[in-house]
Amino acid sequence: MAGESQTKGVIGSSEKSKQDGSSDQKPKLKICCACPDTKKLRDECIIENGEEACQNLIEAHKVCLRAEGFNV
């Protein structure tokens, strides 16, 4: 009986991830670790020049994150 309820929980969560499609779209990294090169350039530019002056680097970082599977 106890094993039966555990199996149902595993199957239920597996079916849910198939229904919402999230299992196929998960990024391989955490967002903080993705695209370190564009992140560094973006952050340095913002610190030195302000956000308004760095829109091209901000957008480049977003493009990189989207390529990694993040929805930004």
# chains A, B, ... in the order shown; residues from 1 in each chain; ligands from 1

call {"tool": "residues_around", "arguments": {"residues": "region 26-35 of chain A", "least_positions_apart": "4", "cutoff": "9 Å", "atoms": "only C-alpha atoms", "output": "VMD selection string"}}
result
chain A and resid 22 39 to 40 61 64 to 65 68 to 70

call {"tool": "residues_around", "arguments": {"residues": "region 52-59 of chain A", "least_positions_apart": "2", "cutoff": "10 Å", "atoms": "only C-alpha atoms", "output": "count of residues only"}}
result
18
